[in-house]
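Encoded as structure tokens, the structure appears first; notes follow it.
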Amino acid sequence: MHTCFLKTLRKRRVPGTSPHTVISTIATFVERLAVYCQHVQNMVDALHAFETLVFSDDKLAKFIKARDRGSNKPSLRALLTTIPVSCIWRYGTALRATREQYWVETGLDDRRELKNSLDRLECIAKRIWPALQDIANTQRISVLQRKVQGISGTLLTPKQHVHIIDAVYVTDDHGDGFLVQHFSAHAVLLTDRIIIIRIIRNSGQLKVYKTFLFSSISFAFAKMPDYDYSCIRILKCGVATGVRLIPHSKDLAATWRRHLKRLSKSTICEETIRPSAILPTARNRSNA
């Protein structure tokens, strides 16, 4: 479709060509761009299947990585998704440029045709926007799967979304109050789980520290002595796992609270933590 449009435009783009000819060519083509609505929706399913296959097939993953490293062309994933989708935005830019260039020379009918074409493109963009968000979400999850060690099964399950990726402070007393660990990490909030990720010091590689499925845990927001906001205690069968997540600010804590209340099916309680060695002071945390 794009190739045919380019050939037609090149044939008519000769010295002396009237603005009407160029505008009518573009307007005719824009009407055909409605196929993008179904195309982008199909792309969501295709990308999901592709990334699931790459995750489960090490040879394919290595082949794609080698191909992208050894080529001066766009990456395979860009060819599959980003580049095709970006075409529609380029047509919008071209139409606006055409309007600015020919506005004085065009008659009322051509101006109306230009406006209608831009309106059609905007309508198409609105229709494909939800699918584009699904594509972006699939890309984020697939990057997470590729970059983080210790993910045993694909995260690309139906209705899975990345809601938060946040740097947090973690304390873990393993449920017994002894051998308390304090460390900085990244916490990923998905639709059905929380994944805590640590950086391996020597290699810089990301690795799963712990994963908590919502189906087997609940949460408590615990007010902390040295903070003006609550940390997140993770409970299993009503018993503390020993893991606490401390967001880096009051606003981030509020964001976590809002998402957890929406995603978790269990009751979320409020409590107050007594001053103890388990939680670091704000000063100690900033130096960790």
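By order in the structure tokens, chains are A, B, ...; within a chain, residues start at 1; ligands start at 1, following the order shown.
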
What are the closest atom pairs, with distances in Å to one decimal, for all residues of segment 144-195 of chain A lying within 12 Å of segment 43-64 of chain A? Consider only C-alpha atoms, order rows by chain and residue number, and present the result as JSON lines.
{"residue": "A:Leu144", "atom": "CA", "partner": "A:Phe55", "partner_atom": "CA", "distance": 10.8}
{"residue": "A:Gln145", "atom": "CA", "partner": "A:Phe55", "partner_atom": "CA", "distance": 7.3}
{"residue": "A:Arg146", "atom": "CA", "partner": "A:Phe55", "partner_atom": "CA", "distance": 7.3}
{"residue": "A:Lys147", "atom": "CA", "partner": "A:Phe55", "partner_atom": "CA", "distance": 11.0}
{"residue": "A:Val148", "atom": "CA", "partner": "A:Phe55", "partner_atom": "CA", "distance": 11.7}
{"residue": "A:Gln149", "atom": "CA", "partner": "A:Phe55", "partner_atom": "CA", "distance": 12.0}
{"residue": "A:Ile151", "atom": "CA", "partner": "A:Phe55", "partner_atom": "CA", "distance": 10.1}
{"residue": "A:Ser152", "atom": "CA", "partner": "A:Ser56", "partner_atom": "CA", "distance": 9.9}
{"residue": "A:Gly153", "atom": "CA", "partner": "A:Ser56", "partner_atom": "CA", "distance": 8.5}
{"residue": "A:Thr154", "atom": "CA", "partner": "A:Thr52", "partner_atom": "CA", "distance": 6.6}
{"residue": "A:Leu155", "atom": "CA", "partner": "A:Thr52", "partner_atom": "CA", "distance": 8.6}
{"residue": "A:Leu156", "atom": "CA", "partner": "A:Thr52", "partner_atom": "CA", "distance": 6.8}
{"residue": "A:Thr157", "atom": "CA", "partner": "A:His48", "partner_atom": "CA", "distance": 9.0}
{"residue": "A:Pro158", "atom": "CA", "partner": "A:His48", "partner_atom": "CA", "distance": 9.6}
{"residue": "A:Lys159", "atom": "CA", "partner": "A:His48", "partner_atom": "CA", "distance": 11.4}
{"residue": "A:Gln160", "atom": "CA", "partner": "A:His48", "partner_atom": "CA", "distance": 11.1}

Q) as a PyMOL selection string, which residues of segment 131-190 of chain A does DSSP assign to strand (DSSP E)? A) chain A and resi 148-149+162-172+181-190

Selection above as a file: N, CA and C atoms, as a CSV table (one decimal), in the first residue's frame:
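Ended up saving to result28.csv:
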chain,number,residue,atom,x,y,z
A,148,VAL,N,16.3,-9.7,33.0
A,148,VAL,CA,16.4,-10.1,34.4
A,148,VAL,C,16.6,-11.6,34.6
A,149,GLN,N,17.6,-12.0,35.3
A,149,GLN,CA,17.8,-13.4,35.5
A,149,GLN,C,16.8,-13.9,36.6
A,162,VAL,N,2.4,-3.9,33.2
A,162,VAL,CA,3.3,-3.3,34.2
A,162,VAL,C,2.7,-2.0,34.7
A,163,HIS,N,2.5,-1.9,36.0
A,163,HIS,CA,1.9,-0.8,36.6
A,163,HIS,C,2.9,0.2,37.2
A,164,ILE,N,3.9,-0.4,37.9
A,164,ILE,CA,5.0,0.4,38.5
A,164,ILE,C,6.3,-0.3,38.3
A,165,ILE,N,7.3,0.4,38.0
A,165,ILE,CA,8.7,0.0,38.1
A,165,ILE,C,9.4,1.1,39.0
A,166,ASP,N,9.8,0.7,40.2
A,166,ASP,CA,10.2,1.8,41.1
A,166,ASP,C,11.4,1.3,41.9
A,167,ALA,N,12.3,2.3,42.2
A,167,ALA,CA,13.4,2.0,43.1
A,167,ALA,C,12.9,2.1,44.5
A,168,VAL,N,13.1,1.1,45.3
A,168,VAL,CA,12.6,1.1,46.7
A,168,VAL,C,13.8,0.6,47.6
A,169,TYR,N,13.5,0.8,48.9
A,169,TYR,CA,14.4,0.3,49.9
A,169,TYR,C,13.7,-0.9,50.5
A,170,VAL,N,14.5,-2.0,50.7
A,170,VAL,CA,13.9,-3.3,51.2
A,170,VAL,C,14.5,-3.7,52.5
A,171,THR,N,13.7,-4.1,53.4
A,171,THR,CA,14.2,-4.8,54.6
A,171,THR,C,13.6,-6.2,54.6
A,172,ASP,N,14.4,-7.2,55.0
A,172,ASP,CA,13.9,-8.6,55.0
A,172,ASP,C,14.6,-9.3,56.2
A,181,GLN,N,18.2,-8.1,56.6
A,181,GLN,CA,18.9,-7.5,55.4
A,181,GLN,C,18.3,-6.2,55.1
A,182,HIS,N,19.1,-5.2,54.8
A,182,HIS,CA,18.7,-3.9,54.3
A,182,HIS,C,19.4,-3.6,53.0
A,183,PHE,N,18.6,-3.3,51.9
A,183,PHE,CA,19.3,-3.1,50.6
A,183,PHE,C,18.3,-2.3,49.7
A,184,SER,N,18.9,-1.6,48.7
A,184,SER,CA,18.2,-1.0,47.7
A,184,SER,C,17.9,-1.9,46.6
A,185,ALA,N,16.7,-1.8,46.0
A,185,ALA,CA,16.3,-2.7,44.9
A,185,ALA,C,15.3,-2.0,44.0
A,186,HIS,N,14.9,-2.8,43.0
A,186,HIS,CA,13.8,-2.3,42.2
A,186,HIS,C,12.6,-3.2,42.4
A,187,ALA,N,11.4,-2.6,42.5
A,187,ALA,CA,10.2,-3.4,42.6
A,187,ALA,C,9.3,-3.2,41.4
A,188,VAL,N,8.9,-4.3,40.8
A,188,VAL,CA,8.0,-4.2,39.7
A,188,VAL,C,6.6,-4.7,40.1
A,189,LEU,N,5.7,-3.9,39.9
A,189,LEU,CA,4.3,-4.2,40.2
A,189,LEU,C,3.6,-4.6,38.9
A,190,LEU,N,3.2,-5.9,38.8
A,190,LEU,CA,2.5,-6.4,37.7
A,190,LEU,C,1.0,-6.6,38.1

Using only C-alpha atoms, I'd like a table of the residues in segment 23-97 of chain A that come within 9 Å of segment 107-123 of chain A; for each, show the closest atom pair and its distance in Å rounded to one decimal, ordered by chain and ascending number, as a Markdown table.
| residue | atom | partner | partner_atom | distance |
| --- | --- | --- | --- | --- |
| A:Ile23 | CA | A:Asp110 | CA | 6.8 |
| A:Ser24 | CA | A:Glu113 | CA | 7.6 |
| A:Ile26 | CA | A:Ser117 | CA | 8.1 |
| A:Ala27 | CA | A:Ser117 | CA | 5.6 |
| A:Thr28 | CA | A:Ser117 | CA | 8.7 |
| A:Val30 | CA | A:Ser117 | CA | 6.3 |
| A:Glu31 | CA | A:Arg120 | CA | 7.4 |
| A:Leu33 | CA | A:Leu121 | CA | 7.9 |
| A:Ala34 | CA | A:Leu121 | CA | 8.5 |
| A:Ile88 | CA | A:Leu121 | CA | 7.7 |
| A:Trp89 | CA | A:Leu121 | CA | 8.6 |
| A:Tyr91 | CA | A:Leu121 | CA | 8.3 |
| A:Gly92 | CA | A:Leu118 | CA | 6.7 |
| A:Leu95 | CA | A:Leu118 | CA | 6.9 |
| A:Arg96 | CA | A:Leu118 | CA | 7.8 |

Selection file, N, CA and C atoms, as a PDB file, in the first residue's frame:
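What follows is the written file out17.pdb:
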ATOM      1  N   ILE A  23      -2.905  17.047  -3.566  1.00  0.00           N
ATOM      2  CA  ILE A  23      -3.838  16.929  -2.440  1.00  0.00           C
ATOM      3  C   ILE A  23      -4.835  15.799  -2.670  1.00  0.00           C
ATOM      4  N   SER A  24      -5.353  15.690  -3.882  1.00  0.00           N
ATOM      5  CA  SER A  24      -6.323  14.627  -4.166  1.00  0.00           C
ATOM      6  C   SER A  24      -5.679  13.250  -4.062  1.00  0.00           C
ATOM      7  N   ILE A  26      -3.150  12.431  -2.042  1.00  0.00           N
ATOM      8  CA  ILE A  26      -2.986  12.149  -0.614  1.00  0.00           C
ATOM      9  C   ILE A  26      -4.330  11.806   0.026  1.00  0.00           C
ATOM     10  N   ALA A  27      -5.362  12.552  -0.314  1.00  0.00           N
ATOM     11  CA  ALA A  27      -6.680  12.331   0.279  1.00  0.00           C
ATOM     12  C   ALA A  27      -7.208  10.934  -0.049  1.00  0.00           C
ATOM     13  N   THR A  28      -7.002  10.504  -1.295  1.00  0.00           N
ATOM     14  CA  THR A  28      -7.448   9.165  -1.694  1.00  0.00           C
ATOM     15  C   THR A  28      -6.727   8.090  -0.891  1.00  0.00           C
ATOM     16  N   VAL A  30      -5.292   8.426   2.126  1.00  0.00           N
ATOM     17  CA  VAL A  30      -5.624   8.483   3.551  1.00  0.00           C
ATOM     18  C   VAL A  30      -6.862   7.646   3.858  1.00  0.00           C
ATOM     19  N   GLU A  31      -7.819   7.631   2.942  1.00  0.00           N
ATOM     20  CA  GLU A  31      -9.022   6.828   3.154  1.00  0.00           C
ATOM     21  C   GLU A  31      -8.687   5.347   3.323  1.00  0.00           C
ATOM     22  N   LEU A  33      -6.030   4.179   4.732  1.00  0.00           N
ATOM     23  CA  LEU A  33      -5.261   3.923   5.954  1.00  0.00           C
ATOM     24  C   LEU A  33      -6.106   3.352   7.087  1.00  0.00           C
ATOM     25  N   ALA A  34      -7.406   3.282   6.892  1.00  0.00           N
ATOM     26  CA  ALA A  34      -8.267   2.697   7.922  1.00  0.00           C
ATOM     27  C   ALA A  34      -7.898   1.241   8.205  1.00  0.00           C
ATOM     28  N   ILE A  88       2.003   6.054  10.108  1.00  0.00           N
ATOM     29  CA  ILE A  88       0.775   6.855  10.172  1.00  0.00           C
ATOM     30  C   ILE A  88       1.052   8.245  10.727  1.00  0.00           C
ATOM     31  N   TRP A  89       2.021   8.359  11.657  1.00  0.00           N
ATOM     32  CA  TRP A  89       2.349   9.686  12.189  1.00  0.00           C
ATOM     33  C   TRP A  89       3.063  10.515  11.115  1.00  0.00           C
ATOM     34  N   TYR A  91       2.515  10.425   7.905  1.00  0.00           N
ATOM     35  CA  TYR A  91       1.524  10.948   6.963  1.00  0.00           C
ATOM     36  C   TYR A  91       0.837  12.185   7.534  1.00  0.00           C
ATOM     37  N   GLY A  92       0.601  12.170   8.834  1.00  0.00           N
ATOM     38  CA  GLY A  92       0.011  13.350   9.456  1.00  0.00           C
ATOM     39  C   GLY A  92       0.926  14.555   9.338  1.00  0.00           C
ATOM     40  N   LEU A  95       0.850  15.793   5.750  1.00  0.00           N
ATOM     41  CA  LEU A  95      -0.384  16.516   5.436  1.00  0.00           C
ATOM     42  C   LEU A  95      -0.355  17.937   5.982  1.00  0.00           C
ATOM     43  N   ARG A  96       0.132  18.084   7.204  1.00  0.00           N
ATOM     44  CA  ARG A  96       0.205  19.431   7.787  1.00  0.00           C
ATOM     45  C   ARG A  96       1.189  20.310   7.009  1.00  0.00           C
TER      46      ARG A  96
END

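Here atom CA of Pro247 of chain A is placed at a distance of 19.7 Å from atom CA of Lys207 of chain A.
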
(Q) What parts of segment 216-258 of chain A does DSSP call helix (DSSP H, G or I)? I'd like the answer as a list of chain:residue names. (A)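 Selecting the helix (DSSP H, G or I) positions of segment 216-258 of chain A gives A:Ser216, A:Lys250, A:Asp251, A:Leu252, A:Ala253, A:Ala254, A:Thr255, A:Trp256, A:Arg257, A:Arg258.
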
Output N, CA and C atoms of each residue in that selection to a file, as a PDB file, in the first residue's frame.
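Final output, out_20.pdb:
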ATOM      1  N   SER A 216      -1.478 -15.453  46.746  1.00  0.00           N
ATOM      2  CA  SER A 216      -1.030 -16.112  47.978  1.00  0.00           C
ATOM      3  C   SER A 216      -0.551 -15.137  49.052  1.00  0.00           C
ATOM      4  N   LYS A 250       6.845  10.199  49.869  1.00  0.00           N
ATOM      5  CA  LYS A 250       5.443  10.107  50.264  1.00  0.00           C
ATOM      6  C   LYS A 250       4.542   9.959  49.043  1.00  0.00           C
ATOM      7  N   ASP A 251       4.873  10.677  47.967  1.00  0.00           N
ATOM      8  CA  ASP A 251       4.069  10.586  46.744  1.00  0.00           C
ATOM      9  C   ASP A 251       4.142   9.192  46.135  1.00  0.00           C
ATOM     10  N   LEU A 252       5.348   8.608  46.109  1.00  0.00           N
ATOM     11  CA  LEU A 252       5.492   7.255  45.569  1.00  0.00           C
ATOM     12  C   LEU A 252       4.761   6.242  46.443  1.00  0.00           C
ATOM     13  N   ALA A 253       4.805   6.449  47.749  1.00  0.00           N
ATOM     14  CA  ALA A 253       4.080   5.554  48.655  1.00  0.00           C
ATOM     15  C   ALA A 253       2.580   5.612  48.373  1.00  0.00           C
ATOM     16  N   ALA A 254       2.081   6.809  48.092  1.00  0.00           N
ATOM     17  CA  ALA A 254       0.657   6.963  47.773  1.00  0.00           C
ATOM     18  C   ALA A 254       0.313   6.259  46.459  1.00  0.00           C
ATOM     19  N   THR A 255       1.231   6.310  45.497  1.00  0.00           N
ATOM     20  CA  THR A 255       1.008   5.622  44.218  1.00  0.00           C
ATOM     21  C   THR A 255       0.945   4.115  44.423  1.00  0.00           C
ATOM     22  N   TRP A 256       1.875   3.580  45.211  1.00  0.00           N
ATOM     23  CA  TRP A 256       1.854   2.151  45.524  1.00  0.00           C
ATOM     24  C   TRP A 256       0.547   1.762  46.220  1.00  0.00           C
ATOM     25  N   ARG A 257       0.145   2.559  47.176  1.00  0.00           N
ATOM     26  CA  ARG A 257      -1.082   2.271  47.924  1.00  0.00           C
ATOM     27  C   ARG A 257      -2.289   2.209  46.977  1.00  0.00           C
ATOM     28  N   ARG A 258      -2.368   3.181  46.077  1.00  0.00           N
ATOM     29  CA  ARG A 258      -3.501   3.241  45.158  1.00  0.00           C
ATOM     30  C   ARG A 258      -3.553   2.011  44.251  1.00  0.00           C
TER      31      ARG A 258
END

Q: Go ahead and compute the interatomic distance for atom CA of Ser203 of chain A and atom CA of Val143 of chain A, in Å to one decimal.
A: 18.5 Å

Q: Measuring atom to atom with only C-alpha atoms, identify which of A:Ser249, A:Phe214, A:Val243, A:His174 is nearest to Arg262 of chain A.
A: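 Under the stated criterion, the closest residue is A:Phe214.
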
**Q.** Which of A:Tyr209, A:Trp129, A:Phe219, A:Phe5 sits closest to His259 of chain A [using only C-alpha atoms]
**A.**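 Smallest separation from His259 of chain A among the options: A:Phe219.
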
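Distance-wise, atom CA of Arg193 of chain A and atom CA of Thr211 of chain A end up 7.0 Å apart.
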